[in-house]
file coords_36.pdb (PDB, C-alpha atoms, pLDDT in the B column)
ATOM      1  CA  MET V   1     120.528 101.598 105.657  1.00 61.00           C
ATOM      2  CA  LYS V   2     116.954 101.609 106.934  1.00 71.00           C
ATOM      3  CA  THR V   3     116.217  99.254 109.814  1.00 82.00           C
ATOM      4  CA  LEU V   4     113.081  97.989 111.526  1.00 91.00           C
ATOM      5  CA  GLN V   5     114.133  99.881 114.665  1.00 92.00           C
ATOM      6  CA  MET V   6     113.711 103.064 112.662  1.00 92.00           C
ATOM      7  CA  LEU V   7     110.040 102.186 112.234  1.00 90.00           C
ATOM      8  CA  PHE V   8     109.593 101.746 115.977  1.00 93.00           C
ATOM      9  CA  ASP V   9     111.368 105.063 116.568  1.00 94.00           C
ATOM     10  CA  HIS V  10     109.087 106.801 114.078  1.00 93.00           C
ATOM     11  CA  ASN V  11     106.050 105.220 115.708  1.00 93.00           C
ATOM     12  CA  ALA V  12     107.103 106.384 119.164  1.00 96.00           C
ATOM     13  CA  ALA V  13     107.678 109.922 117.894  1.00 96.00           C
ATOM     14  CA  TRP V  14     104.324 109.947 116.127  1.00 93.00           C
ATOM     15  CA  ALA V  15     102.429 108.621 119.153  1.00 95.00           C
ATOM     16  CA  GLU V  16     104.071 111.200 121.421  1.00 95.00           C
ATOM     17  CA  ALA V  17     103.239 114.005 118.990  1.00 95.00           C
ATOM     18  CA  GLN V  18      99.584 112.926 118.930  1.00 93.00           C
ATOM     19  CA  ILE V  19      99.413 112.941 122.724  1.00 95.00           C
ATOM     20  CA  GLN V  20     101.068 116.336 122.921  1.00 95.00           C
ATOM     21  CA  ALA V  21      98.540 117.774 120.490  1.00 93.00           C
ATOM     22  CA  ASP V  22      95.548 115.965 122.001  1.00 94.00           C
ATOM     23  CA  PRO V  23      95.982 114.076 125.295  1.00 93.00           C
ATOM     24  CA  GLN V  24      92.709 112.127 124.783  1.00 92.00           C
ATOM     25  CA  TYR V  25      93.469 111.143 121.165  1.00 91.00           C
ATOM     26  CA  PHE V  26      94.174 107.430 121.690  1.00 94.00           C
ATOM     27  CA  GLU V  27      91.585 107.137 124.445  1.00 92.00           C
ATOM     28  CA  ARG V  28      88.893 108.186 121.978  1.00 92.00           C
ATOM     29  CA  LEU V  29      90.191 105.868 119.249  1.00 92.00           C
ATOM     30  CA  ALA V  30      90.178 102.913 121.640  1.00 93.00           C
ATOM     31  CA  LYS V  31      86.454 103.379 122.313  1.00 91.00           C
ATOM     32  CA  GLY V  32      85.533 102.294 118.784  1.00 89.00           C
ATOM     33  CA  GLN V  33      84.975 103.486 115.238  1.00 91.00           C
ATOM     34  CA  LYS V  34      82.034 104.969 113.373  1.00 93.00           C
ATOM     35  CA  PRO V  35      83.258 105.748 109.848  1.00 96.00           C
ATOM     36  CA  ASP V  36      80.916 106.945 107.123  1.00 98.00           C
ATOM     37  CA  TYR V  37      83.206 105.727 104.343  1.00 98.00           C
ATOM     38  CA  LEU V  38      84.543 102.462 102.973  1.00 98.00           C
ATOM     39  CA  TRP V  39      87.496 102.964 100.633  1.00 98.00           C
ATOM     40  CA  ILE V  40      88.260 100.092  98.265  1.00 98.00           C
ATOM     41  CA  GLY V  41      91.576 100.982  96.686  1.00 98.00           C
ATOM     42  CA  CYS V  42      94.868  99.783  95.309  1.00 98.00           C
ATOM     43  CA  ALA V  43      97.558  98.384  97.603  1.00 97.00           C
ATOM     44  CA  ASP V  44     100.088 100.764  96.027  1.00 96.00           C
ATOM     45  CA  SER V  45     102.149 102.361  98.814  1.00 95.00           C
ATOM     46  CA  ARG V  46     101.736 105.796  97.210  1.00 95.00           C
ATOM     47  CA  VAL V  47      97.958 105.838  97.702  1.00 96.00           C
ATOM     48  CA  PRO V  48      97.165 106.158 101.455  1.00 95.00           C
ATOM     49  CA  ALA V  49      93.415 106.616 101.863  1.00 97.00           C
ATOM     50  CA  ASN V  50      93.279 108.702 105.053  1.00 95.00           C
ATOM     51  CA  GLN V  51      95.988 111.117 103.969  1.00 95.00           C
ATOM     52  CA  ILE V  52      94.507 111.635 100.520  1.00 97.00           C
ATOM     53  CA  LEU V  53      91.121 112.433 102.040  1.00 97.00           C
ATOM     54  CA  GLY V  54      92.622 114.587 104.781  1.00 95.00           C
ATOM     55  CA  LEU V  55      90.855 112.517 107.454  1.00 95.00           C
ATOM     56  CA  PRO V  56      92.246 111.130 110.727  1.00 90.00           C
ATOM     57  CA  PRO V  57      92.247 107.461 111.784  1.00 90.00           C
ATOM     58  CA  GLY V  58      88.765 106.225 112.609  1.00 92.00           C
ATOM     59  CA  GLU V  59      87.051 108.076 109.758  1.00 96.00           C
ATOM     60  CA  VAL V  60      87.670 105.671 106.841  1.00 98.00           C
ATOM     61  CA  PHE V  61      87.303 101.889 106.718  1.00 98.00           C
ATOM     62  CA  VAL V  62      89.760 100.562 104.130  1.00 98.00           C
ATOM     63  CA  HIS V  63      90.192  97.534 101.904  1.00 98.00           C
ATOM     64  CA  ARG V  64      93.109  97.422  99.477  1.00 98.00           C
ATOM     65  CA  ASN V  65      94.382  94.949  96.925  1.00 98.00           C
ATOM     66  CA  ILE V  66      96.352  94.976  93.695  1.00 97.00           C
ATOM     67  CA  ALA V  67      94.565  97.287  91.243  1.00 97.00           C
ATOM     68  CA  ASN V  68      91.416  97.776  93.375  1.00 98.00           C
ATOM     69  CA  VAL V  69      89.628  94.732  92.014  1.00 98.00           C
ATOM     70  CA  VAL V  70      86.238  93.639  93.377  1.00 98.00           C
ATOM     71  CA  VAL V  71      85.426  90.034  92.516  1.00 96.00           C
ATOM     72  CA  HIS V  72      82.236  88.281  93.573  1.00 95.00           C
ATOM     73  CA  THR V  73      84.233  85.248  94.739  1.00 95.00           C
ATOM     74  CA  ASP V  74      86.725  87.264  96.838  1.00 97.00           C
ATOM     75  CA  PHE V  75      85.491  86.575 100.358  1.00 97.00           C
ATOM     76  CA  ASN V  76      88.139  88.837 101.850  1.00 97.00           C
ATOM     77  CA  CYS V  77      86.727  91.877 100.044  1.00 98.00           C
ATOM     78  CA  LEU V  78      83.117  90.779 100.538  1.00 98.00           C
ATOM     79  CA  SER V  79      83.698  90.269 104.264  1.00 98.00           C
ATOM     80  CA  VAL V  80      85.123  93.776 104.576  1.00 98.00           C
ATOM     81  CA  MET V  81      82.131  95.144 102.677  1.00 98.00           C
ATOM     82  CA  GLN V  82      79.651  93.299 104.864  1.00 98.00           C
ATOM     83  CA  PHE V  83      81.356  94.422 108.066  1.00 98.00           C
ATOM     84  CA  ALA V  84      81.372  98.012 106.827  1.00 98.00           C
ATOM     85  CA  VAL V  85      77.781  98.012 105.572  1.00 98.00           C
ATOM     86  CA  ASP V  86      75.994  95.791 108.094  1.00 98.00           C
ATOM     87  CA  LEU V  87      77.890  96.557 111.296  1.00 97.00           C
ATOM     88  CA  LEU V  88      79.484  99.974 110.843  1.00 97.00           C
ATOM     89  CA  LYS V  89      76.627 101.312 108.684  1.00 98.00           C
ATOM     90  CA  VAL V  90      78.902 103.242 106.328  1.00 98.00           C
ATOM     91  CA  ARG V  91      77.007 105.560 104.003  1.00 98.00           C
ATOM     92  CA  HIS V  92      79.477 105.642 101.115  1.00 98.00           C
ATOM     93  CA  ILE V  93      81.607 103.022  99.366  1.00 98.00           C
ATOM     94  CA  MET V  94      84.305 104.516  97.155  1.00 98.00           C
ATOM     95  CA  VAL V  95      86.165 102.368  94.650  1.00 98.00           C
ATOM     96  CA  VAL V  96      89.334 104.360  94.040  1.00 98.00           C
ATOM     97  CA  GLY V  97      91.871 103.537  91.355  1.00 98.00           C
ATOM     98  CA  HIS V  98      94.908 105.571  90.433  1.00 98.00           C
ATOM     99  CA  LEU V  99      96.574 106.606  87.240  1.00 97.00           C
ATOM    100  CA  GLY V 100      99.934 104.948  86.754  1.00 96.00           C
ATOM    101  CA  CYS V 101      98.726 101.694  88.322  1.00 97.00           C
ATOM    102  CA  SER V 102     101.338  98.998  87.680  1.00 95.00           C
ATOM    103  CA  GLY V 103      98.750  96.223  87.974  1.00 96.00           C
ATOM    104  CA  VAL V 104      96.634  97.776  85.243  1.00 97.00           C
ATOM    105  CA  HIS V 105      99.765  98.291  83.135  1.00 96.00           C
ATOM    106  CA  ALA V 106     100.749  94.626  83.513  1.00 95.00           C
ATOM    107  CA  ALA V 107      97.258  93.479  82.527  1.00 95.00           C
ATOM    108  CA  MET V 108      97.169  95.797  79.526  1.00 94.00           C
ATOM    109  CA  ASN V 109     100.486  94.496  78.226  1.00 92.00           C
ATOM    110  CA  ASP V 110      99.982  90.811  79.085  1.00 87.00           C
ATOM    111  CA  ALA V 111     103.036  90.909  81.340  1.00 85.00           C
ATOM    112  CA  ARG V 112     103.859  87.759  83.271  1.00 87.00           C
ATOM    113  CA  LEU V 113     104.333  88.368  86.990  1.00 86.00           C
ATOM    114  CA  GLY V 114     103.516  84.971  88.453  1.00 92.00           C
ATOM    115  CA  ILE V 115     100.485  84.084  90.545  1.00 92.00           C
ATOM    116  CA  ALA V 116      99.293  87.693  90.346  1.00 92.00           C
ATOM    117  CA  ASP V 117      98.539  87.115  86.642  1.00 93.00           C
ATOM    118  CA  ASN V 118      95.409  85.225  87.691  1.00 95.00           C
ATOM    119  CA  TRP V 119      94.234  88.201  89.731  1.00 95.00           C
ATOM    120  CA  LEU V 120      95.036  90.698  87.001  1.00 95.00           C
ATOM    121  CA  ARG V 121      93.095  88.606  84.496  1.00 96.00           C
ATOM    122  CA  HIS V 122      90.033  90.428  85.807  1.00 97.00           C
ATOM    123  CA  ILE V 123      91.491  93.679  84.470  1.00 97.00           C
ATOM    124  CA  ARG V 124      92.378  92.066  81.170  1.00 96.00           C
ATOM    125  CA  ASP V 125      88.696  91.128  80.948  1.00 97.00           C
ATOM    126  CA  VAL V 126      87.874  94.821  81.330  1.00 98.00           C
ATOM    127  CA  TYR V 127      90.281  95.603  78.489  1.00 97.00           C
ATOM    128  CA  ASP V 128      88.727  92.942  76.278  1.00 97.00           C
ATOM    129  CA  LEU V 129      85.256  94.316  76.994  1.00 97.00           C
ATOM    130  CA  HIS V 130      86.274  97.742  75.682  1.00 98.00           C
ATOM    131  CA  ALA V 131      89.009  96.642  73.260  1.00 97.00           C
ATOM    132  CA  THR V 132      87.457  98.239  70.176  1.00 97.00           C
ATOM    133  CA  GLN V 133      87.645 101.716  71.679  1.00 97.00           C
ATOM    134  CA  LEU V 134      90.880 101.227  73.619  1.00 97.00           C
ATOM    135  CA  ASP V 135      92.739  99.927  70.567  1.00 96.00           C
ATOM    136  CA  ARG V 136      91.955 103.161  68.735  1.00 96.00           C
ATOM    137  CA  ILE V 137      94.102 105.071  71.257  1.00 97.00           C
ATOM    138  CA  ASP V 138      97.634 105.295  69.832  1.00 96.00           C
ATOM    139  CA  ASP V 139      99.361 106.730  72.894  1.00 96.00           C
ATOM    140  CA  ASP V 140     100.198 104.017  75.431  1.00 96.00           C
ATOM    141  CA  CYS V 141     100.012 106.367  78.432  1.00 96.00           C
ATOM    142  CA  THR V 142      96.599 107.632  77.428  1.00 97.00           C
ATOM    143  CA  ARG V 143      95.336 104.102  76.798  1.00 97.00           C
ATOM    144  CA  HIS V 144      96.651 103.085  80.212  1.00 97.00           C
ATOM    145  CA  ASP V 145      94.854 106.006  81.887  1.00 98.00           C
ATOM    146  CA  ARG V 146      91.598 105.087  80.183  1.00 98.00           C
ATOM    147  CA  LEU V 147      91.927 101.467  81.312  1.00 98.00           C
ATOM    148  CA  CYS V 148      92.586 102.611  84.896  1.00 98.00           C
ATOM    149  CA  GLU V 149      89.346 104.588  84.736  1.00 98.00           C
ATOM    150  CA  LEU V 150      87.358 101.792  83.115  1.00 98.00           C
ATOM    151  CA  ASN V 151      88.621  99.358  85.725  1.00 98.00           C
ATOM    152  CA  VAL V 152      87.288 101.594  88.497  1.00 98.00           C
ATOM    153  CA  ILE V 153      83.882 101.790  86.840  1.00 98.00           C
ATOM    154  CA  GLU V 154      83.772  98.022  86.343  1.00 98.00           C
ATOM    155  CA  GLN V 155      84.709  97.301  89.950  1.00 98.00           C
ATOM    156  CA  ALA V 156      82.244  99.892  91.265  1.00 98.00           C
ATOM    157  CA  ALA V 157      79.521  98.145  89.275  1.00 98.00           C
ATOM    158  CA  ASN V 158      80.630  94.854  90.840  1.00 98.00           C
ATOM    159  CA  VAL V 159      80.214  96.416  94.282  1.00 98.00           C
ATOM    160  CA  CYS V 160      76.672  97.441  93.354  1.00 98.00           C
ATOM    161  CA  GLN V 161      75.866  93.923  92.186  1.00 98.00           C
ATOM    162  CA  SER V 162      77.201  92.226  95.321  1.00 98.00           C
ATOM    163  CA  THR V 163      74.724  90.598  97.704  1.00 97.00           C
ATOM    164  CA  VAL V 164      75.996  92.881 100.476  1.00 98.00           C
ATOM    165  CA  VAL V 165      74.993  96.081  98.710  1.00 98.00           C
ATOM    166  CA  GLU V 166      71.858  94.726  97.055  1.00 98.00           C
ATOM    167  CA  GLU V 167      70.508  93.513 100.398  1.00 98.00           C
ATOM    168  CA  ALA V 168      71.313  96.855 102.033  1.00 98.00           C
ATOM    169  CA  TRP V 169      69.309  98.650  99.376  1.00 98.00           C
ATOM    170  CA  GLN V 170      66.464  96.142  99.675  1.00 98.00           C
ATOM    171  CA  ARG V 171      66.082  96.914 103.360  1.00 97.00           C
ATOM    172  CA  GLY V 172      66.152 100.660 102.674  1.00 97.00           C
ATOM    173  CA  GLN V 173      69.618 101.388 104.051  1.00 98.00           C
ATOM    174  CA  GLU V 174      71.126 104.674 102.879  1.00 98.00           C
ATOM    175  CA  LEU V 175      74.189 103.657 100.864  1.00 98.00           C
ATOM    176  CA  SER V 176      75.946 105.187  97.865  1.00 98.00           C
ATOM    177  CA  VAL V 177      78.626 103.609  95.664  1.00 98.00           C
ATOM    178  CA  HIS V 178      81.135 105.858  93.909  1.00 98.00           C
ATOM    179  CA  GLY V 179      83.914 105.434  91.350  1.00 98.00           C
ATOM    180  CA  TRP V 180      86.907 107.765  91.672  1.00 98.00           C
ATOM    181  CA  VAL V 181      90.433 107.940  90.298  1.00 98.00           C
ATOM    182  CA  TYR V 182      93.516 109.444  91.947  1.00 98.00           C
ATOM    183  CA  GLY V 183      96.334 111.247  90.158  1.00 97.00           C
ATOM    184  CA  LEU V 184      99.801 110.404  91.451  1.00 95.00           C
ATOM    185  CA  ASN V 185     101.165 113.385  89.554  1.00 94.00           C
ATOM    186  CA  ASN V 186      98.975 115.981  91.280  1.00 96.00           C
ATOM    187  CA  GLY V 187      97.477 114.354  94.376  1.00 96.00           C
ATOM    188  CA  ARG V 188      93.915 115.031  93.257  1.00 97.00           C
ATOM    189  CA  LEU V 189      90.877 112.785  93.262  1.00 98.00           C
ATOM    190  CA  ARG V 190      88.506 112.857  90.290  1.00 98.00           C
ATOM    191  CA  ASP V 191      84.920 111.678  90.167  1.00 98.00           C
ATOM    192  CA  LEU V 192      84.324 109.285  87.255  1.00 98.00           C
ATOM    193  CA  ASN V 193      80.621 110.118  87.064  1.00 97.00           C
ATOM    194  CA  PHE V 194      79.710 106.863  88.768  1.00 98.00           C
ATOM    195  CA  THR V 195      77.474 107.368  91.787  1.00 98.00           C
ATOM    196  CA  VAL V 196      74.705 104.866  92.495  1.00 98.00           C
ATOM    197  CA  THR V 197      72.220 104.872  95.355  1.00 98.00           C
ATOM    198  CA  GLY V 198      69.968 102.003  94.236  1.00 98.00           C
ATOM    199  CA  ARG V 199      69.917  98.906  92.070  1.00 96.00           C
ATOM    200  CA  ALA V 200      67.788 100.463  89.320  1.00 97.00           C
ATOM    201  CA  GLN V 201      70.489 103.077  88.606  1.00 98.00           C
ATOM    202  CA  VAL V 202      73.392 100.701  87.988  1.00 98.00           C
ATOM    203  CA  ALA V 203      73.040  99.949  84.262  1.00 98.00           C
ATOM    204  CA  ASP V 204      72.388 103.517  83.097  1.00 98.00           C
ATOM    205  CA  THR V 205      75.075 104.970  85.366  1.00 98.00           C
ATOM    206  CA  TYR V 206      77.588 102.384  84.131  1.00 98.00           C
ATOM    207  CA  ARG V 207      76.915 103.167  80.475  1.00 98.00           C
ATOM    208  CA  ALA V 208      77.111 106.928  81.011  1.00 98.00           C
ATOM    209  CA  ALA V 209      80.362 106.657  83.000  1.00 98.00           C
ATOM    210  CA  VAL V 210      82.011 104.503  80.318  1.00 98.00           C
ATOM    211  CA  LYS V 211      80.869 106.925  77.623  1.00 97.00           C
ATOM    212  CA  ALA V 212      82.381 109.816  79.594  1.00 97.00           C
ATOM    213  CA  VAL V 213      85.751 108.021  79.799  1.00 97.00           C
ATOM    214  CA  PHE V 214      86.069 107.943  76.023  1.00 95.00           C
ATOM    215  CA  ALA V 215      84.768 111.489  75.676  1.00 92.00           C
ATOM    216  CA  ASN V 216      87.889 112.829  77.419  1.00 73.00           C
TER     217      ASN V 216
END
call {"tool": "encode", "arguments": {"input": "coords_36.pdb", "output": "structure tokens"}}
result
Amino acid sequence: MKTLQMLFDHNAAWAEAQIQADPQYFERLAKGQKPDYLWIGCADSRVPANQILGLPPGEVFVHRNIANVVVHTDFNCLSVMQFAVDLLKVRHIMVVGHLGCSGVHAAMNDARLGIADNWLRHIRDVYDLHATQLDRIDDDCTRHDRLCELNVIEQAANVCQSTVVEEAWQRGQELSVHGWVYGLNNGRLRDLNFTVTGRAQVADTYRAAVKAVFAN
């Protein structure tokens, strides 16, 4: 049986291994952070941002929630974005979904999970927006994959339309917003053809990215 003490033991072993490999490792981390990237991803335990990107602690600022949703009334997410953009001056915001997302699956099938249903309603809205094309897909797994991808694109567009990002662009700050998807079955990230560096690009980039999803 796993115990909490096991976690402390693993932590001690990890910390010692870091010091053995680099005696100044924690001293440098304690001095502060200067990441170039903000990762907005799913809270799924199988999708650890730093490990997927092959980057050490201190290189990626991270916000995670169920199904990587970005809502304009979610002050938790918006606060993370503002801290990352205004204080840390990140240069890239990546909205990263993953295939096989259980939150997306629940929204697609109108499953009832409890209070989370209200959160996942945002994904059901994405389904409804593209229902005509999604309903033409007979295979459930394929339809689920497409919805995972569409959800990323929708949330990336929401990032672009947030006051945090719009104000950064207005003052000439270098900032790009990207939409990516991660494959649990192969460990690979895939660009969903959504990269925006200014407000004027959002609508055209959104339409092209959605078109590409259904061209697969």
call {"tool": "closest_atom_pairs", "arguments": {"input": "coords_36.pdb", "of": "stretch 36-76 of chain V", "to": "stretch 5-27 of chain V", "cutoff": "12 Å", "atoms": "only C-alpha atoms", "output": "JSON lines"}}
result
{"residue": "V:Pro56", "atom": "CA", "partner": "V:Tyr25", "partner_atom": "CA", "distance": 10.5}
{"residue": "V:Pro57", "atom": "CA", "partner": "V:Phe26", "partner_atom": "CA", "distance": 10.1}
{"residue": "V:Gly58", "atom": "CA", "partner": "V:Phe26", "partner_atom": "CA", "distance": 10.6}
call {"tool": "residues_around", "arguments": {"input": "coords_36.pdb", "residues": "stretch 95-104 of chain V", "least_positions_apart": "4", "cutoff": "9 Å", "atoms": "all atoms listed in the file", "output": "PyMOL selection string"}}
result
chain V and resi 38-42+44+47+66-70+108-109+116+120+123-124+141+144-149+151-153+155-156+159+177-185+189
call {"tool": "atom_distance", "arguments": {"input": "coords_36.pdb", "atom1": "atom CA of V:Arg64", "atom2": "atom CA of V:Ala43"}}
result
4.9 Å
call {"tool": "closest_atom_pairs", "arguments": {"input": "coords_36.pdb", "of": "stretch 123-162 of chain V", "to": "stretch 166-171 of chain V", "cutoff": "7 Å", "atoms": "all atoms listed in the file", "output": "CSV"}}
result
residue,atom,partner,partner_atom,distance
V:Cys160,CA,V:Glu166,CA,6.7
V:Gln161,CA,V:Glu166,CA,6.4
V:Ser162,CA,V:Glu166,CA,6.1
call {"tool": "write_last_selection", "arguments": {"input": "coords_36.pdb", "atoms": "C-alpha atoms", "output": "short mmCIF file (atom, residue, chain, number, x, y, z; two decimals), in the coordinates of the input"}}
result
data_model
loop_
_atom_site.label_atom_id
_atom_site.label_comp_id
_atom_site.auth_asym_id
_atom_site.auth_seq_id
_atom_site.Cartn_x
_atom_site.Cartn_y
_atom_site.Cartn_z
CA CYS V 160 76.67 97.44 93.35
CA GLN V 161 75.87 93.92 92.19
CA SER V 162 77.20 92.23 95.32
#
call {"tool": "resolve_selection", "arguments": {"input": "coords_36.pdb", "expression": "the PyMOL selection byres ((chain V and resi 198-209) around 8)", "output": "number ranges by chain"}}
result
V: 153-154, 157, 160-161, 166, 169, 176, 192-197, 210-213
call {"tool": "atom_distance", "arguments": {"input": "coords_36.pdb", "atom1": "atom CA of V:Arg188", "atom2": "atom CA of V:Cys77"}}
result
25.2 Å
call {"tool": "atom_distance", "arguments": {"input": "coords_36.pdb", "atom1": "atom CA of V:Leu87", "atom2": "atom CA of V:Ile52"}}
result
24.9 Å
call {"tool": "axis_aligned_box", "arguments": {"input": "coords_36.pdb", "around": "stretch 92-99 of chain V", "padding_each_side": "4 Å", "output": "AutoDock Vina command-line options"}}
result
--center_x 88.0 --center_y 104.5 --center_z 94.2 --size_x 25.1 --size_y 12.2 --size_z 21.9
call {"tool": "closest_residue", "arguments": {"input": "coords_36.pdb", "among": "V:Glu59, V:Asp36, V:Asp117, V:Asp191", "to": "V:Arg91", "atoms": "all atoms listed in the file"}}
result
V:Asp36
call {"tool": "resolve_selection", "arguments": {"input": "coords_36.pdb", "expression": "the PyMOL selection byres ((chain V and resi 83) around 12)", "output": "list in words"}}
result
Lys34, Pro35, Leu38, Phe61, Val62, His63, Phe75, Asn76, Cys77, Leu78, Ser79, Val80, Met81, Gln82, Ala84, Val85, Asp86, Leu87, Leu88, Lys89, Val90, Val164, Val165 and Ala168 of chain V
